[in-house]
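Asks: The structure that follows is given in the form of structure tokens.
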Amino acid sequence: MERVTKLASEKPVVIFSKTSCCMSHTIKTLFYDFGVSPAIHELDEIPRGREIEQALLRLGCKPSVPAVFIGGELVGGANEIMSLHLNRSLIPMLKQVGALWV
């Protein structure tokens, strides 16, 4: 859990992902299209990725990926991010943490 907290605070936006997950790809693309440069942690490619995945599940991420942290706080997965985007709350959040300057 401590490792997740440390990794989640390394940049304004942090995404825990898997290379084989289509929803992870969609969420990463959304952030890239906004001009945000998130820290991406591909759990199927990094050492101790399975441990991190278990910690994300304990935090309430179901499914475990994608898991998006904004400003060091867990925002949620694909459903939560898309809901924030559709109700126009995501961009203000990104601006507030310094991930977006437009």
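Scheme for the structure tokens: letters A, B, ... for chains in order shown; per-chain residue numbers from 1; ligand numbers from 1 in order shown.
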What's the 12 Å shell around Lys6 in chain A, counting only C-alpha atoms, without same-chain residues fewer than 2 positions away, as a VMD selection string?

Replies: chain A and resid 1 to 4 8 to 11 14 52 69 71 to 73

Asks: Using DSSP on the backbone coordinates, identify the residues of chain A assigned to helix (DSSP H, G or I); present them as a VMD selection string.

Replies: chain A and resid 2 to 8 22 to 34 49 to 58 78 to 86 90 to 96

Asks: Mind pulling up the distance from CA of Trp101 in chain A to CA of Gly76 in chain A?

Replies: 22.5 Å

Asks: For a test of reading the model, state the distance in Å between CA of Ala99 in chain A and CA of Ser37 in chain A, rounded to one decimal.

Replies: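 One can read the CA of Ala99 in chain A to CA of Ser37 in chain A distance as 7.4 Å.
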
Asks: Going by DSSP on the backbone, which bits of chain A are strand (DSSP E or B)? Write them as a VMD selection string, please.

Replies: chain A and resid 13 to 17 39 to 42 67 to 70 73 to 76
